[in-house]
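Novice: Before anything else, here's the structure in question.
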Amino acid sequence: MTKIAVIVGSLSTDSINKQLEKAFESVAPAGTEFVSVPVDLPLYNRDLDGSYPEGPTRLKKQIEAADGVLFITPEYNRSFPGVLKNAIDWGSRPYGTNSFRGKPAAIAGASTGDLGTAQAQQALRNVLLFLDMNVMGQPEAYFNISNVLNEDGSIKDSAKPFLTEYMQAFQRHIESTGA
């Protein structure tokens with residue numbers, strides 16, 4: 001069983017990136033378990049390093065128990081959302097207890113624009129590399145959501161092969177990094 005922690009950088013209940021998470025989960029290789037990691041956390045504050053709140057503590061444990069981490073991000077102002085950065089800050093702190101260190105990671109995202117979330121993913125990649133994560137380079141997955149999902153949320157037949165290959169590539173990446 002491969003356990004993948006999934007962090008979607010959105011608080012919106014009808015987020016297209018949460019829909020994308022479900023699409024990836026539906027095409028993941030057999031034996032893959034998705035664990036959704038909530039990002040509705042208080043703002044990171046170093047004063048709490050000695051007494052972590054329940055939500056951030058749960059986030060750290062979910063990351064540590066996972067074989068890999070799939071980040072699915074919207075794009076806000078050519079970068080990833082603050083709520084995602086906040087979750088990353090909680091997971092990488094306090095100093096010396098970076099729960100992300102050495103974990104295999106993949107990045108995906110969807111928007112309503114033609115460039116998908118390419119800029120957000122590049123900014124996020126820089127942060128994940130700093131955290132010493134093993135970030136999958138290829139394939140890249142940034143979409144205009146209308147090319148991936150039908151109005152009812154089902155995966156378009158034309159998108160299913162790519163989504164499937166993406167999840168297979170992430171599985172191989174996890175296995176190759178020895179996580």
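We name chains A, B, ... following the order of the structure tokens; residues begin at 1 in each chain, and ligands are numbered from 1 as shown.
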If you run DSSP on the backbone, which residues of chain A are strand (DSSP E or B), as a PyMOL selection string?
Specialist: chain A and resi 2-8+32-36+68-72+76+79+104-111+134-135+141-144+149+155
Novice: Keeping N, CA and C atoms for every residue in the selection just given, could you write it to a file as an mmCIF file, in the first residue's frame?
Specialist:
```
data_model
loop_
_atom_site.group_PDB
_atom_site.id
_atom_site.type_symbol
_atom_site.label_atom_id
_atom_site.label_comp_id
_atom_site.auth_asym_id
_atom_site.auth_seq_id
_atom_site.Cartn_x
_atom_site.Cartn_y
_atom_site.Cartn_z
ATOM 1 N N THR A 2 0.624 2.149 -0.918
ATOM 2 C CA THR A 2 1.326 3.425 -0.980
ATOM 3 C C THR A 2 0.392 4.497 -0.437
ATOM 4 N N LYS A 3 0.856 5.203 0.574
ATOM 5 C CA LYS A 3 0.045 6.258 1.183
ATOM 6 C C LYS A 3 0.532 7.608 0.676
ATOM 7 N N ILE A 4 -0.395 8.344 0.039
ATOM 8 C CA ILE A 4 -0.071 9.663 -0.484
ATOM 9 C C ILE A 4 -0.846 10.717 0.292
ATOM 10 N N ALA A 5 -0.122 11.614 0.932
ATOM 11 C CA ALA A 5 -0.742 12.766 1.572
ATOM 12 C C ALA A 5 -1.016 13.786 0.472
ATOM 13 N N VAL A 6 -2.251 14.268 0.420
ATOM 14 C CA VAL A 6 -2.635 15.235 -0.608
ATOM 15 C C VAL A 6 -2.955 16.558 0.069
ATOM 16 N N ILE A 7 -2.242 17.592 -0.352
ATOM 17 C CA ILE A 7 -2.457 18.927 0.184
ATOM 18 C C ILE A 7 -2.982 19.802 -0.947
ATOM 19 N N VAL A 8 -4.259 20.165 -0.840
ATOM 20 C CA VAL A 8 -4.884 21.049 -1.821
ATOM 21 C C VAL A 8 -4.864 22.452 -1.243
ATOM 22 N N THR A 32 -3.088 2.284 -3.806
ATOM 23 C CA THR A 32 -2.747 3.653 -3.429
ATOM 24 C C THR A 32 -3.835 4.204 -2.523
ATOM 25 N N GLU A 33 -3.422 4.749 -1.396
ATOM 26 C CA GLU A 33 -4.370 5.380 -0.473
ATOM 27 C C GLU A 33 -4.100 6.874 -0.434
ATOM 28 N N PHE A 34 -5.130 7.671 -0.703
ATOM 29 C CA PHE A 34 -5.036 9.122 -0.612
ATOM 30 C C PHE A 34 -5.469 9.558 0.786
ATOM 31 N N VAL A 35 -4.683 10.421 1.407
ATOM 32 C CA VAL A 35 -5.026 11.002 2.699
ATOM 33 C C VAL A 35 -5.072 12.517 2.505
ATOM 34 N N SER A 36 -6.270 13.096 2.573
ATOM 35 C CA SER A 36 -6.430 14.539 2.424
ATOM 36 C C SER A 36 -5.947 15.242 3.684
ATOM 37 N N GLY A 68 4.556 9.643 0.122
ATOM 38 C CA GLY A 68 4.776 10.756 -0.786
ATOM 39 C C GLY A 68 3.733 11.821 -0.548
ATOM 40 N N VAL A 69 3.996 13.020 -1.083
ATOM 41 C CA VAL A 69 3.074 14.144 -0.907
ATOM 42 C C VAL A 69 2.728 14.715 -2.271
ATOM 43 N N LEU A 70 1.430 14.793 -2.546
ATOM 44 C CA LEU A 70 0.928 15.405 -3.777
ATOM 45 C C LEU A 70 0.355 16.764 -3.415
ATOM 46 N N PHE A 71 0.965 17.811 -3.955
ATOM 47 C CA PHE A 71 0.481 19.172 -3.764
ATOM 48 C C PHE A 71 -0.375 19.536 -4.971
ATOM 49 N N ILE A 72 -1.595 19.979 -4.718
ATOM 50 C CA ILE A 72 -2.482 20.433 -5.792
ATOM 51 C C ILE A 72 -2.828 21.876 -5.481
ATOM 52 N N TYR A 76 -2.768 32.035 -7.552
ATOM 53 C CA TYR A 76 -3.239 33.364 -7.159
ATOM 54 C C TYR A 76 -2.110 34.349 -7.439
ATOM 55 N N SER A 79 1.349 33.008 -8.210
ATOM 56 C CA SER A 79 2.020 32.208 -7.188
ATOM 57 C C SER A 79 0.992 31.294 -6.540
ATOM 58 N N PRO A 104 9.181 12.164 -1.199
ATOM 59 C CA PRO A 104 8.892 12.366 -2.614
ATOM 60 C C PRO A 104 7.676 13.269 -2.763
ATOM 61 N N ALA A 105 7.718 14.176 -3.727
ATOM 62 C CA ALA A 105 6.618 15.115 -3.921
ATOM 63 C C ALA A 105 6.290 15.239 -5.403
ATOM 64 N N ALA A 106 5.036 15.571 -5.663
ATOM 65 C CA ALA A 106 4.584 15.914 -7.009
ATOM 66 C C ALA A 106 3.686 17.136 -6.866
ATOM 67 N N ILE A 107 3.628 17.924 -7.942
ATOM 68 C CA ILE A 107 2.832 19.145 -7.940
ATOM 69 C C ILE A 107 1.888 19.111 -9.140
ATOM 70 N N ALA A 108 0.637 19.486 -8.899
ATOM 71 C CA ALA A 108 -0.359 19.601 -9.969
ATOM 72 C C ALA A 108 -1.262 20.773 -9.640
ATOM 73 N N GLY A 109 -2.071 21.159 -10.594
ATOM 74 C CA GLY A 109 -3.024 22.219 -10.323
ATOM 75 C C GLY A 109 -3.849 22.560 -11.537
ATOM 76 N N ALA A 110 -4.985 23.179 -11.272
ATOM 77 C CA ALA A 110 -5.900 23.563 -12.339
ATOM 78 C C ALA A 110 -6.420 24.974 -12.099
ATOM 79 N N SER A 111 -6.726 25.630 -13.193
ATOM 80 C CA SER A 111 -7.352 26.946 -13.133
ATOM 81 C C SER A 111 -8.346 27.024 -14.279
ATOM 82 N N ASN A 134 12.038 15.490 -2.536
ATOM 83 C CA ASN A 134 12.415 14.930 -3.836
ATOM 84 C C ASN A 134 11.258 15.172 -4.799
ATOM 85 N N VAL A 135 11.313 16.284 -5.524
ATOM 86 C CA VAL A 135 10.202 16.728 -6.365
ATOM 87 C C VAL A 135 10.285 16.080 -7.745
ATOM 88 N N ALA A 141 1.831 18.784 -14.563
ATOM 89 C CA ALA A 141 0.372 18.715 -14.646
ATOM 90 C C ALA A 141 -0.253 20.037 -14.242
ATOM 91 N N TYR A 142 -0.355 20.942 -15.191
ATOM 92 C CA TYR A 142 -1.079 22.192 -14.957
ATOM 93 C C TYR A 142 -2.111 22.330 -16.062
ATOM 94 N N PHE A 143 -3.353 22.481 -15.645
ATOM 95 C CA PHE A 143 -4.481 22.352 -16.553
ATOM 96 C C PHE A 143 -5.414 23.542 -16.534
ATOM 97 N N ASN A 144 -6.071 23.752 -17.671
ATOM 98 C CA ASN A 144 -7.329 24.480 -17.698
ATOM 99 C C ASN A 144 -8.351 23.407 -17.359
ATOM 100 N N LEU A 149 -12.129 18.019 -16.741
ATOM 101 C CA LEU A 149 -13.376 17.543 -16.141
ATOM 102 C C LEU A 149 -14.594 18.015 -16.922
ATOM 103 N N ILE A 155 -14.244 12.767 -15.218
ATOM 104 C CA ILE A 155 -13.045 12.999 -16.032
ATOM 105 C C ILE A 155 -13.397 12.848 -17.512
#
```
Novice: Name the residues of stretch 8-172 of chain A that come out as helix (DSSP H, G or I) in a backbone DSSP run; write them as a VMD selection string.
Specialist: chain A and resid 16 to 27 46 to 48 54 to 65 82 to 92 118 to 130 145 to 147 160 to 172
Novice: Can you spit out the residues from that selection as a PDB file, in the first residue's frame, using C-alpha atoms?
Specialist:
```
ATOM      1  CA  ILE A  16     -11.723  22.928  -8.903  1.00  0.00           C
ATOM      2  CA  ASN A  17      -8.457  21.724  -7.370  1.00  0.00           C
ATOM      3  CA  LYS A  18     -10.354  19.584  -4.864  1.00  0.00           C
ATOM      4  CA  GLN A  19     -12.187  18.146  -7.880  1.00  0.00           C
ATOM      5  CA  LEU A  20      -8.807  17.494  -9.484  1.00  0.00           C
ATOM      6  CA  GLU A  21      -7.727  15.630  -6.324  1.00  0.00           C
ATOM      7  CA  LYS A  22     -10.721  13.302  -6.731  1.00  0.00           C
ATOM      8  CA  ALA A  23      -9.868  12.785 -10.404  1.00  0.00           C
ATOM      9  CA  PHE A  24      -6.286  11.790  -9.549  1.00  0.00           C
ATOM     10  CA  GLU A  25      -7.503   9.479  -6.808  1.00  0.00           C
ATOM     11  CA  SER A  26      -9.868   7.728  -9.218  1.00  0.00           C
ATOM     12  CA  VAL A  27      -7.034   6.835 -11.613  1.00  0.00           C
ATOM     13  CA  ARG A  46       6.850  30.861  16.130  1.00  0.00           C
ATOM     14  CA  ASP A  47       5.568  31.564  19.645  1.00  0.00           C
ATOM     15  CA  LEU A  48       3.598  28.294  19.382  1.00  0.00           C
ATOM     16  CA  GLU A  54      -3.983  20.201  17.209  1.00  0.00           C
ATOM     17  CA  GLY A  55      -4.402  20.952  13.468  1.00  0.00           C
ATOM     18  CA  PRO A  56      -0.718  21.557  12.718  1.00  0.00           C
ATOM     19  CA  THR A  57       0.248  18.543  14.855  1.00  0.00           C
ATOM     20  CA  ARG A  58      -2.133  16.359  12.810  1.00  0.00           C
ATOM     21  CA  LEU A  59      -0.689  17.803   9.564  1.00  0.00           C
ATOM     22  CA  LYS A  60       2.870  16.910  10.625  1.00  0.00           C
ATOM     23  CA  LYS A  61       1.834  13.367  11.553  1.00  0.00           C
ATOM     24  CA  GLN A  62      -0.014  12.861   8.249  1.00  0.00           C
ATOM     25  CA  ILE A  63       3.031  14.023   6.276  1.00  0.00           C
ATOM     26  CA  GLU A  64       5.404  11.838   8.294  1.00  0.00           C
ATOM     27  CA  ALA A  65       3.179   8.760   7.831  1.00  0.00           C
ATOM     28  CA  GLY A  82      -1.068  31.833   1.295  1.00  0.00           C
ATOM     29  CA  VAL A  83      -3.070  29.017   2.881  1.00  0.00           C
ATOM     30  CA  LEU A  84      -0.726  26.506   1.237  1.00  0.00           C
ATOM     31  CA  LYS A  85       2.378  28.423   2.342  1.00  0.00           C
ATOM     32  CA  ASN A  86       0.980  28.510   5.878  1.00  0.00           C
ATOM     33  CA  ALA A  87       0.475  24.718   5.882  1.00  0.00           C
ATOM     34  CA  ILE A  88       4.027  24.245   4.607  1.00  0.00           C
ATOM     35  CA  ASP A  89       5.353  26.544   7.338  1.00  0.00           C
ATOM     36  CA  TRP A  90       3.569  24.523  10.041  1.00  0.00           C
ATOM     37  CA  GLY A  91       4.837  21.241   8.577  1.00  0.00           C
ATOM     38  CA  SER A  92       8.437  22.381   8.366  1.00  0.00           C
ATOM     39  CA  ALA A 118       2.375  26.885 -14.233  1.00  0.00           C
ATOM     40  CA  GLN A 119       3.623  29.974 -12.370  1.00  0.00           C
ATOM     41  CA  ALA A 120       2.255  28.793  -9.015  1.00  0.00           C
ATOM     42  CA  GLN A 121       3.898  25.420  -9.475  1.00  0.00           C
ATOM     43  CA  GLN A 122       7.284  26.979 -10.240  1.00  0.00           C
ATOM     44  CA  ALA A 123       7.108  29.098  -7.095  1.00  0.00           C
ATOM     45  CA  LEU A 124       6.010  26.072  -5.042  1.00  0.00           C
ATOM     46  CA  ARG A 125       8.771  23.902  -6.529  1.00  0.00           C
ATOM     47  CA  ASN A 126      11.375  26.368  -5.215  1.00  0.00           C
ATOM     48  CA  VAL A 127       9.981  26.088  -1.686  1.00  0.00           C
ATOM     49  CA  LEU A 128       9.754  22.282  -1.800  1.00  0.00           C
ATOM     50  CA  LEU A 129      13.345  21.972  -3.005  1.00  0.00           C
ATOM     51  CA  PHE A 130      14.470  24.171  -0.121  1.00  0.00           C
ATOM     52  CA  ILE A 145      -9.959  22.529 -15.774  1.00  0.00           C
ATOM     53  CA  SER A 146     -12.354  22.547 -18.735  1.00  0.00           C
ATOM     54  CA  ASN A 147      -9.878  20.273 -20.543  1.00  0.00           C
ATOM     55  CA  LYS A 160      -7.967  10.075 -18.430  1.00  0.00           C
ATOM     56  CA  PRO A 161      -4.810   8.623 -20.090  1.00  0.00           C
ATOM     57  CA  PHE A 162      -2.669  11.572 -18.995  1.00  0.00           C
ATOM     58  CA  LEU A 163      -4.024  11.604 -15.430  1.00  0.00           C
ATOM     59  CA  THR A 164      -3.408   7.864 -15.198  1.00  0.00           C
ATOM     60  CA  GLU A 165       0.162   8.182 -16.494  1.00  0.00           C
ATOM     61  CA  TYR A 166       0.804  11.048 -14.096  1.00  0.00           C
ATOM     62  CA  MET A 167      -0.204   8.939 -11.104  1.00  0.00           C
ATOM     63  CA  GLN A 168       1.826   5.975 -12.396  1.00  0.00           C
ATOM     64  CA  ALA A 169       4.841   8.272 -12.788  1.00  0.00           C
ATOM     65  CA  PHE A 170       4.386   9.528  -9.233  1.00  0.00           C
ATOM     66  CA  GLN A 171       4.182   5.937  -7.978  1.00  0.00           C
ATOM     67  CA  ARG A 172       7.470   5.154  -9.764  1.00  0.00           C
TER      68      ARG A 172
END
```
Novice: Mind giving me the straight-line distance from atom CA of A:Asp40 to atom CA of A:Leu11 in Å, one decimal?
Specialist: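 Atom CA of A:Leu11 lies at a distance of 6.7 Å from atom CA of A:Asp40.
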Novice: Quick one: of A:Asp132, A:Phe100, A:Leu115, A:Ser10, who's nearest to A:Pro74, counting only C-alpha atoms?
Specialist: A:Ser10
